Amino acid sequence: MRISFNPSLLLLLLLTLSASASDDALDNALDKMGSAFLERNVEVLAEIFSTDEFIRRIQAKLSFSERVNESVVAGVRSSIPVVQQNLITSLVDCHLTITRIIEAAQSAKILTRCEYDDSLSYVEFELHREDDGPYQLIDWYDYTKGDHVTSSMAQNLALLLVQQGHSMRLMGLDLAPQIRRDYLHLLTLNSDGSNIEGWEEAYNKLPASLRFSRHLLVERVQITAAGQNEQYYRDALSDLEKHHGHDPRLTLILIDHYYFTDDSAALKEAFDRLNLLLGGDAALLTLKADVLKENKEYDEAAATVREALEIEPGYLNAYLSWLDISVKQENYTKAVTMIERMEKTFDLSFSKEELDQWSGEFKLFTASEAFINYQHRKAAD
C-alpha cells in the first residue's frame with residue numbers, strides 16, 4: 001500500500017530524537033547510532049556493536065554438536081561486517097525518527113520509524129550494557145520482515161547446515177529425506193521474484209506444517225511482492241493472516257491483506273492494533289487517515305489526523321493529509337487554514353500553479369472564494 005497523498009518532498013536520512021534518555025551511556029550510544037546512520041559509517045556502528053552477545057543470541061536458537069557449533073560461531077563472526085553494512089544500507093534515503101525509548105535495568109529498546117517516499121517501516125533496536133559499561137547494540141526487530149535479525153540469521157544458518165547434510169530440526173520439525181530435498185530445491189530458486197511461478201510450484205510441494213510456518217510464510221509474502229504477481233501476493237498474505245494473524249508484530253505486513261479484501265473493519269482494527277503496539281505513531285495514523293479518505297470516510301479521517309498531530313505536532317505529512325481531506329470535503333476555509341499553518345510552521349509556500357497540479361479537486365479549491373481571499377491577504381503582507 002502506498003500513501004495516497006504525498007506531494008513530492010525530498011525525504012533525506014535524518015535522525016530526530018523525540019524522546020530523552022536520562023543515562024549518559026544511552027545518550028552516547030544514540031549519538032553513535034545517529035552518526036553511523038547519517039554518515040553511512042560501518043566503523044562507527046561497529047564501535048557500539050556487541051559481536052559476542054549477537055552470536056550468543058543466534059546460538060540460543062540453534063542446537064548442534066560442539067564441532068558444528070564452532071563452525072557456526074566462526075561463520076557468524078566473519079559475516080558481522082556484512083550484517084552491519086546491510087543495516088546501514090537499508091536506512092539509506094529514509095527519514096529516520098526515534099519515536100520511543102524504553103529503558104529497563106541494563107537494557108534499552110529504541111523504536112524507530114523509517115519513512116521512504118512511498119513506504120513506511122519500523123525497526124526496534126535492542127541495546128544492552130554490562131554493569132556501568134557502555135550500551136551496545138545486540139539485535140533489532142524489523143517490522144516489515146516480522147523477525148529479529150538474529151532469528152533470521154539462525155534460520156539461514158540452519159538451512160545451510162541442512163544443505164550440508166547435518167541432521168537437525170528445522171522450524172521445530174523433523175524433516176524426512178524427501179521433504180529436505182524439496183525444501184533445499186526451494187532454496188536454490190531465486191528469492192527476488194524473478195521466477196515466481198517456479199518458486200510457488202516448489203513451495204506447494206512442501207508439507208502444510210512447513211508451508212504455513214511463520215518464517216516461510218513471511219518469506220513467501222516478500223518474494224511474491226518482489227515478483228509483482230498480485231494474485232500470488234494476495235494468496236501469500238491470506239495464508240499468513242489465516243495462520244499467524246494473531247501475532248501483532250506481523251500487522252504491518254498484513255495491512256495490505258485487509259486492504260485487498262475490502263475488510264474495512266479489520267483494516268481499522270489492524271491499524272489500531274499496530275498503533276497500540278508502537279505506543280502511538282503519527283505516520284501510521286496519517287496512513288490510516290489516507291485509507292479512510294480513500295473510502296470517503298472523511299470525518300473519521302480528519303479525527304485520525306488530529307490524533308496524529310497530538311502525538312507529533314510537527315509532522316508535516318499529517319498537515320498535508322488534512323489539507324487533502326478538507327479539499328475533498330469542499331471545506332475550503334479549513335483547507336486555507338491548513339495552508340497558512342504549514343506556511344508558518346514549516347516555512348513553506350503554496351502557489352496556485354503548484355496546487356492545481358495535485359488534482360482536479362484542488363483546481364476547484366484554488367478557484368474558490370476562500371482561496372482567492374487567502375491570495376489577497378498574502379499579497380498584502
# chains A, B, ... in the order shown; residues from 1 in each chain; ligands from 1
call {"tool": "select_by_dssp", "arguments": {"residues": "range 26-179 of chain A", "states": "strand (DSSP E)", "output": "number ranges by chain"}}
result
A: 95-104, 107-115, 120-128, 136-142, 147-148, 169-170, 173-174
call {"tool": "write_last_selection", "arguments": {"atoms": "C-alpha atoms", "output": "PDB file, in the first residue's frame"}}
result
ATOM      1  CA  HIS A  95      13.638   9.760   7.121  1.00  0.00           C
ATOM      2  CA  LEU A  96      14.512   8.035  10.383  1.00  0.00           C
ATOM      3  CA  THR A  97      12.865   9.133  13.621  1.00  0.00           C
ATOM      4  CA  ILE A  98      13.238   7.728  17.106  1.00  0.00           C
ATOM      5  CA  THR A  99       9.686   7.509  18.402  1.00  0.00           C
ATOM      6  CA  ARG A 100      10.126   5.666  21.700  1.00  0.00           C
ATOM      7  CA  ILE A 101      12.866   4.751  24.166  1.00  0.00           C
ATOM      8  CA  ILE A 102      12.253   2.158  26.875  1.00  0.00           C
ATOM      9  CA  GLU A 103      14.993   1.741  29.461  1.00  0.00           C
ATOM     10  CA  ALA A 104      14.968  -1.142  31.946  1.00  0.00           C
ATOM     11  CA  SER A 107      18.892  -2.792  28.632  1.00  0.00           C
ATOM     12  CA  ALA A 108      17.101  -0.382  26.339  1.00  0.00           C
ATOM     13  CA  LYS A 109      14.764  -0.704  23.354  1.00  0.00           C
ATOM     14  CA  ILE A 110      14.814   2.040  20.722  1.00  0.00           C
ATOM     15  CA  LEU A 111      11.812   2.109  18.402  1.00  0.00           C
ATOM     16  CA  THR A 112      12.485   3.912  15.136  1.00  0.00           C
ATOM     17  CA  ARG A 113      10.257   4.857  12.222  1.00  0.00           C
ATOM     18  CA  CYS A 114      11.683   4.853   8.724  1.00  0.00           C
ATOM     19  CA  GLU A 115       9.773   6.765   6.046  1.00  0.00           C
ATOM     20  CA  LEU A 120       6.724   3.069   5.899  1.00  0.00           C
ATOM     21  CA  SER A 121       8.623   0.711   8.172  1.00  0.00           C
ATOM     22  CA  TYR A 122       9.668   0.338  11.799  1.00  0.00           C
ATOM     23  CA  VAL A 123      12.782  -1.119  13.384  1.00  0.00           C
ATOM     24  CA  GLU A 124      13.219  -1.739  17.112  1.00  0.00           C
ATOM     25  CA  PHE A 125      16.844  -1.764  18.228  1.00  0.00           C
ATOM     26  CA  GLU A 126      17.877  -3.630  21.378  1.00  0.00           C
ATOM     27  CA  LEU A 127      20.825  -2.367  23.404  1.00  0.00           C
ATOM     28  CA  HIS A 128      22.485  -3.876  26.465  1.00  0.00           C
ATOM     29  CA  GLN A 136      25.970  -1.878  22.858  1.00  0.00           C
ATOM     30  CA  LEU A 137      23.686  -2.926  20.020  1.00  0.00           C
ATOM     31  CA  ILE A 138      22.813  -6.633  20.281  1.00  0.00           C
ATOM     32  CA  ASP A 139      19.813  -7.173  17.995  1.00  0.00           C
ATOM     33  CA  TRP A 140      16.980  -5.471  16.092  1.00  0.00           C
ATOM     34  CA  TYR A 141      13.462  -6.346  15.011  1.00  0.00           C
ATOM     35  CA  ASP A 142      12.314  -5.305  11.524  1.00  0.00           C
ATOM     36  CA  ASP A 147      11.608 -11.096  12.807  1.00  0.00           C
ATOM     37  CA  HIS A 148      14.759 -10.246  14.724  1.00  0.00           C
ATOM     38  CA  ARG A 169      15.090 -29.961  13.428  1.00  0.00           C
ATOM     39  CA  LEU A 170      14.035 -27.205  11.040  1.00  0.00           C
ATOM     40  CA  LEU A 173      10.019 -30.001  12.517  1.00  0.00           C
ATOM     41  CA  ASP A 174      11.914 -33.229  11.890  1.00  0.00           C
TER      42      ASP A 174
END
call {"tool": "closest_residue", "arguments": {"among": "A:Gln228, A:Asp290, A:Pro81, A:Val73", "to": "Ala60 in chain A", "atoms": "only C-alpha atoms"}}
result
A:Val73
call {"tool": "residues_around", "arguments": {"residues": "Arg40 in chain A", "least_positions_apart": "5", "cutoff": "8 Å", "atoms": "only C-alpha atoms", "output": "list in words"}}
result
Ser35, Ile88, Thr89 and Val92 of chain A
call {"tool": "write_last_selection", "arguments": {"atoms": "C-alpha atoms", "output": "PDB file, in the first residue's frame"}}
result
ATOM      1  CA  SER A  35      26.385   9.285  13.300  1.00  0.00           C
ATOM      2  CA  ILE A  88      23.078   0.940   7.177  1.00  0.00           C
ATOM      3  CA  THR A  89      22.167   0.338   3.526  1.00  0.00           C
ATOM      4  CA  VAL A  92      19.571   4.948   3.031  1.00  0.00           C
TER       5      VAL A  92
END
call {"tool": "atom_distance", "arguments": {"atom1": "CA of Ala335 in chain A", "atom2": "CA of Ser119 in chain A"}}
result
25.4 Å
call {"tool": "residues_around", "arguments": {"residues": "range 240-257 of chain A", "least_positions_apart": "3", "cutoff": "10 Å", "atoms": "only C-alpha atoms", "output": "PyMOL selection string"}}
result
chain A and resi 1-2+120-122+141-147+212-218+220-222+233-237+260-263+266-278+284
call {"tool": "write_last_selection", "arguments": {"atoms": "C-alpha atoms", "output": "PDB file, in the first residue's frame"}}
result
ATOM      1  CA  MET A   1       0.000   0.000   0.000  1.00  0.00           C
ATOM      2  CA  ARG A   2       1.236   3.494  -0.816  1.00  0.00           C
ATOM      3  CA  LEU A 120       6.724   3.069   5.899  1.00  0.00           C
ATOM      4  CA  SER A 121       8.623   0.711   8.172  1.00  0.00           C
ATOM      5  CA  TYR A 122       9.668   0.338  11.799  1.00  0.00           C
ATOM      6  CA  TYR A 141      13.462  -6.346  15.011  1.00  0.00           C
ATOM      7  CA  ASP A 142      12.314  -5.305  11.524  1.00  0.00           C
ATOM      8  CA  TYR A 143       8.524  -4.962  11.379  1.00  0.00           C
ATOM      9  CA  THR A 144       8.495  -5.330   7.590  1.00  0.00           C
ATOM     10  CA  LYS A 145      10.224  -8.723   7.887  1.00  0.00           C
ATOM     11  CA  GLY A 146       8.483  -9.905  11.026  1.00  0.00           C
ATOM     12  CA  ASP A 147      11.608 -11.096  12.807  1.00  0.00           C
ATOM     13  CA  PHE A 212       2.470 -22.498   6.855  1.00  0.00           C
ATOM     14  CA  SER A 213       5.300 -21.934   9.331  1.00  0.00           C
ATOM     15  CA  ARG A 214       5.692 -18.298  10.328  1.00  0.00           C
ATOM     16  CA  HIS A 215       9.185 -17.862   8.882  1.00  0.00           C
ATOM     17  CA  LEU A 216       8.399 -19.373   5.493  1.00  0.00           C
ATOM     18  CA  LEU A 217       5.078 -17.567   5.101  1.00  0.00           C
ATOM     19  CA  VAL A 218       6.712 -14.195   5.785  1.00  0.00           C
ATOM     20  CA  ARG A 220       6.702 -16.051   0.749  1.00  0.00           C
ATOM     21  CA  VAL A 221       4.978 -12.681   1.183  1.00  0.00           C
ATOM     22  CA  GLN A 222       8.247 -10.863   0.487  1.00  0.00           C
ATOM     23  CA  TYR A 233       0.946 -11.880  -3.261  1.00  0.00           C
ATOM     24  CA  ARG A 234      -2.683 -11.866  -2.158  1.00  0.00           C
ATOM     25  CA  ASP A 235      -2.623 -15.645  -1.603  1.00  0.00           C
ATOM     26  CA  ALA A 236       0.536 -15.373   0.489  1.00  0.00           C
ATOM     27  CA  LEU A 237      -0.960 -12.595   2.614  1.00  0.00           C
ATOM     28  CA  PHE A 260      -7.158  -6.006  -0.702  1.00  0.00           C
ATOM     29  CA  THR A 261     -10.133  -7.801   0.853  1.00  0.00           C
ATOM     30  CA  ASP A 262     -12.031  -4.527   1.393  1.00  0.00           C
ATOM     31  CA  ASP A 263     -12.498  -5.521   5.018  1.00  0.00           C
ATOM     32  CA  ALA A 266     -10.438  -5.479  10.011  1.00  0.00           C
ATOM     33  CA  LEU A 267      -8.250  -2.824   8.389  1.00  0.00           C
ATOM     34  CA  LYS A 268      -9.129  -0.275  11.065  1.00  0.00           C
ATOM     35  CA  GLU A 269      -8.536  -2.869  13.774  1.00  0.00           C
ATOM     36  CA  ALA A 270      -5.132  -3.666  12.253  1.00  0.00           C
ATOM     37  CA  PHE A 271      -4.110  -0.004  12.265  1.00  0.00           C
ATOM     38  CA  ASP A 272      -5.300   0.381  15.864  1.00  0.00           C
ATOM     39  CA  ARG A 273      -3.547  -2.819  16.966  1.00  0.00           C
ATOM     40  CA  LEU A 274      -0.259  -1.745  15.431  1.00  0.00           C
ATOM     41  CA  ASN A 275      -0.601   1.800  16.725  1.00  0.00           C
ATOM     42  CA  LEU A 276      -1.072   0.429  20.246  1.00  0.00           C
ATOM     43  CA  LEU A 277       1.977  -1.793  19.841  1.00  0.00           C
ATOM     44  CA  LEU A 278       4.046   1.173  18.646  1.00  0.00           C
ATOM     45  CA  LEU A 284       0.891   5.260  10.959  1.00  0.00           C
TER      46      LEU A 284
END
call {"tool": "select_by_dssp", "arguments": {"residues": "range 33-157 of chain A", "states": "alpha helix (DSSP H)", "output": "PDB file with C-alpha atoms, in the first residue's frame"}}
result
ATOM      1  CA  MET A  33      23.996   5.238  16.078  1.00  0.00           C
ATOM      2  CA  GLY A  34      22.902   8.566  14.652  1.00  0.00           C
ATOM      3  CA  SER A  35      26.385   9.285  13.300  1.00  0.00           C
ATOM      4  CA  ALA A  36      26.670   5.807  11.801  1.00  0.00           C
ATOM      5  CA  PHE A  37      23.325   6.077  10.006  1.00  0.00           C
ATOM      6  CA  LEU A  38      23.736   9.678   8.885  1.00  0.00           C
ATOM      7  CA  GLU A  39      27.289   9.198   7.639  1.00  0.00           C
ATOM      8  CA  VAL A  42      30.122   0.982   9.362  1.00  0.00           C
ATOM      9  CA  GLU A  43      33.181   1.655  11.535  1.00  0.00           C
ATOM     10  CA  VAL A  44      31.172   3.884  13.876  1.00  0.00           C
ATOM     11  CA  LEU A  45      28.387   1.307  14.079  1.00  0.00           C
ATOM     12  CA  ALA A  46      30.955  -1.383  14.872  1.00  0.00           C
ATOM     13  CA  GLU A  47      32.074   0.606  17.931  1.00  0.00           C
ATOM     14  CA  THR A  51      29.545  -9.228  18.433  1.00  0.00           C
ATOM     15  CA  ASP A  52      29.724 -11.718  21.314  1.00  0.00           C
ATOM     16  CA  GLU A  53      26.156 -11.084  22.511  1.00  0.00           C
ATOM     17  CA  PHE A  54      24.902 -11.114  18.917  1.00  0.00           C
ATOM     18  CA  ILE A  55      26.477 -14.550  18.409  1.00  0.00           C
ATOM     19  CA  ARG A  56      25.104 -15.836  21.738  1.00  0.00           C
ATOM     20  CA  ARG A  57      21.599 -14.894  20.628  1.00  0.00           C
ATOM     21  CA  ILE A  58      21.996 -16.859  17.422  1.00  0.00           C
ATOM     22  CA  GLN A  59      23.467 -19.849  19.260  1.00  0.00           C
ATOM     23  CA  ALA A  60      20.494 -19.895  21.624  1.00  0.00           C
ATOM     24  CA  GLU A  66      30.264 -28.749  19.590  1.00  0.00           C
ATOM     25  CA  ARG A  67      32.242 -29.130  16.359  1.00  0.00           C
ATOM     26  CA  VAL A  68      29.413 -27.726  14.243  1.00  0.00           C
ATOM     27  CA  ASN A  69      28.801 -25.016  16.817  1.00  0.00           C
ATOM     28  CA  GLU A  70      32.395 -23.798  16.485  1.00  0.00           C
ATOM     29  CA  SER A  71      31.878 -23.561  12.728  1.00  0.00           C
ATOM     30  CA  VAL A  72      28.655 -21.585  13.258  1.00  0.00           C
ATOM     31  CA  VAL A  73      30.405 -19.104  15.549  1.00  0.00           C
ATOM     32  CA  ALA A  74      33.233 -18.616  13.073  1.00  0.00           C
ATOM     33  CA  GLY A  75      30.773 -18.129  10.213  1.00  0.00           C
ATOM     34  CA  VAL A  76      28.672 -15.588  12.094  1.00  0.00           C
ATOM     35  CA  ARG A  77      31.732 -13.668  13.282  1.00  0.00           C
ATOM     36  CA  SER A  78      33.058 -13.347   9.734  1.00  0.00           C
ATOM     37  CA  SER A  79      29.657 -12.129   8.478  1.00  0.00           C
ATOM     38  CA  ILE A  80      29.230  -9.338  11.066  1.00  0.00           C
ATOM     39  CA  PRO A  81      30.628  -6.551   8.809  1.00  0.00           C
ATOM     40  CA  VAL A  82      28.133  -7.550   6.101  1.00  0.00           C
ATOM     41  CA  VAL A  83      25.282  -7.524   8.617  1.00  0.00           C
ATOM     42  CA  GLN A  84      26.292  -4.044   9.781  1.00  0.00           C
ATOM     43  CA  GLN A  85      26.597  -2.768   6.215  1.00  0.00           C
ATOM     44  CA  ASN A  86      23.201  -4.214   5.302  1.00  0.00           C
ATOM     45  CA  LEU A  87      21.630  -2.398   8.249  1.00  0.00           C
ATOM     46  CA  ILE A  88      23.078   0.940   7.177  1.00  0.00           C
ATOM     47  CA  THR A  89      22.167   0.338   3.526  1.00  0.00           C
ATOM     48  CA  SER A  90      18.556  -0.456   4.489  1.00  0.00           C
ATOM     49  CA  VAL A 149      17.901 -10.238  12.621  1.00  0.00           C
ATOM     50  CA  THR A 150      19.422 -12.912  14.903  1.00  0.00           C
ATOM     51  CA  SER A 151      16.424 -15.180  14.283  1.00  0.00           C
ATOM     52  CA  SER A 152      16.707 -14.702  10.523  1.00  0.00           C
ATOM     53  CA  MET A 153      20.431 -15.462  10.629  1.00  0.00           C
ATOM     54  CA  ALA A 154      19.846 -18.550  12.791  1.00  0.00           C
ATOM     55  CA  GLN A 155      17.286 -19.787  10.276  1.00  0.00           C
ATOM     56  CA  ASN A 156      19.662 -19.216   7.358  1.00  0.00           C
ATOM     57  CA  LEU A 157      22.479 -20.998   9.167  1.00  0.00           C
TER      58      LEU A 157
END
call {"tool": "atom_distance", "arguments": {"atom1": "CA of Ala105 in chain A", "atom2": "CA of Gly280 in chain A"}}
result
23.8 Å
call {"tool": "atom_distance", "arguments": {"atom1": "CA of Ala202 in chain A", "atom2": "CA of Tyr232 in chain A"}}
result
13.6 Å
call {"tool": "decode", "arguments": {"residues": "range 72-88 of chain A", "atoms": "N, CA and C atoms", "output": "compact mmCIF listing (two decimals), in the first residue's frame"}}
result
# COMPACT_ATOMS: atom_id res chain seq x y z
N VAL A 72 29.71 -22.60 13.29
CA VAL A 72 28.66 -21.58 13.26
C VAL A 72 29.18 -20.27 13.80
N VAL A 73 29.87 -20.32 14.93
CA VAL A 73 30.41 -19.10 15.55
C VAL A 73 31.38 -18.41 14.61
N ALA A 74 32.26 -19.20 14.00
CA ALA A 74 33.23 -18.62 13.07
C ALA A 74 32.54 -17.98 11.87
N GLY A 75 31.49 -18.66 11.37
CA GLY A 75 30.77 -18.13 10.21
C GLY A 75 30.04 -16.83 10.53
N VAL A 76 29.39 -16.80 11.70
CA VAL A 76 28.67 -15.59 12.09
C VAL A 76 29.64 -14.44 12.31
N ARG A 77 30.75 -14.73 12.99
CA ARG A 77 31.73 -13.67 13.28
C ARG A 77 32.26 -13.05 11.99
N SER A 78 32.51 -13.86 10.99
CA SER A 78 33.06 -13.35 9.73
C SER A 78 32.01 -12.55 8.94
N SER A 79 30.72 -12.81 9.24
CA SER A 79 29.66 -12.13 8.48
C SER A 79 29.19 -10.83 9.13
N ILE A 80 29.68 -10.52 10.33
CA ILE A 80 29.23 -9.34 11.07
C ILE A 80 29.38 -8.04 10.25
N PRO A 81 30.52 -7.79 9.60
CA PRO A 81 30.63 -6.55 8.81
C PRO A 81 29.56 -6.44 7.73
N VAL A 82 29.18 -7.57 7.13
CA VAL A 82 28.13 -7.55 6.10
C VAL A 82 26.79 -7.22 6.73
N VAL A 83 26.52 -7.79 7.90
CA VAL A 83 25.28 -7.52 8.62
C VAL A 83 25.18 -6.03 8.95
N GLN A 84 26.28 -5.47 9.43
CA GLN A 84 26.29 -4.04 9.78
C GLN A 84 26.09 -3.17 8.54
N GLN A 85 26.74 -3.54 7.45
CA GLN A 85 26.60 -2.77 6.22
C GLN A 85 25.17 -2.86 5.68
N ASN A 86 24.58 -4.04 5.77
CA ASN A 86 23.20 -4.21 5.30
C ASN A 86 22.23 -3.35 6.10
N LEU A 87 22.48 -3.24 7.41
CA LEU A 87 21.63 -2.40 8.25
C LEU A 87 21.70 -0.95 7.80
N ILE A 88 22.91 -0.45 7.60
CA ILE A 88 23.08 0.94 7.18
C ILE A 88 22.48 1.15 5.79
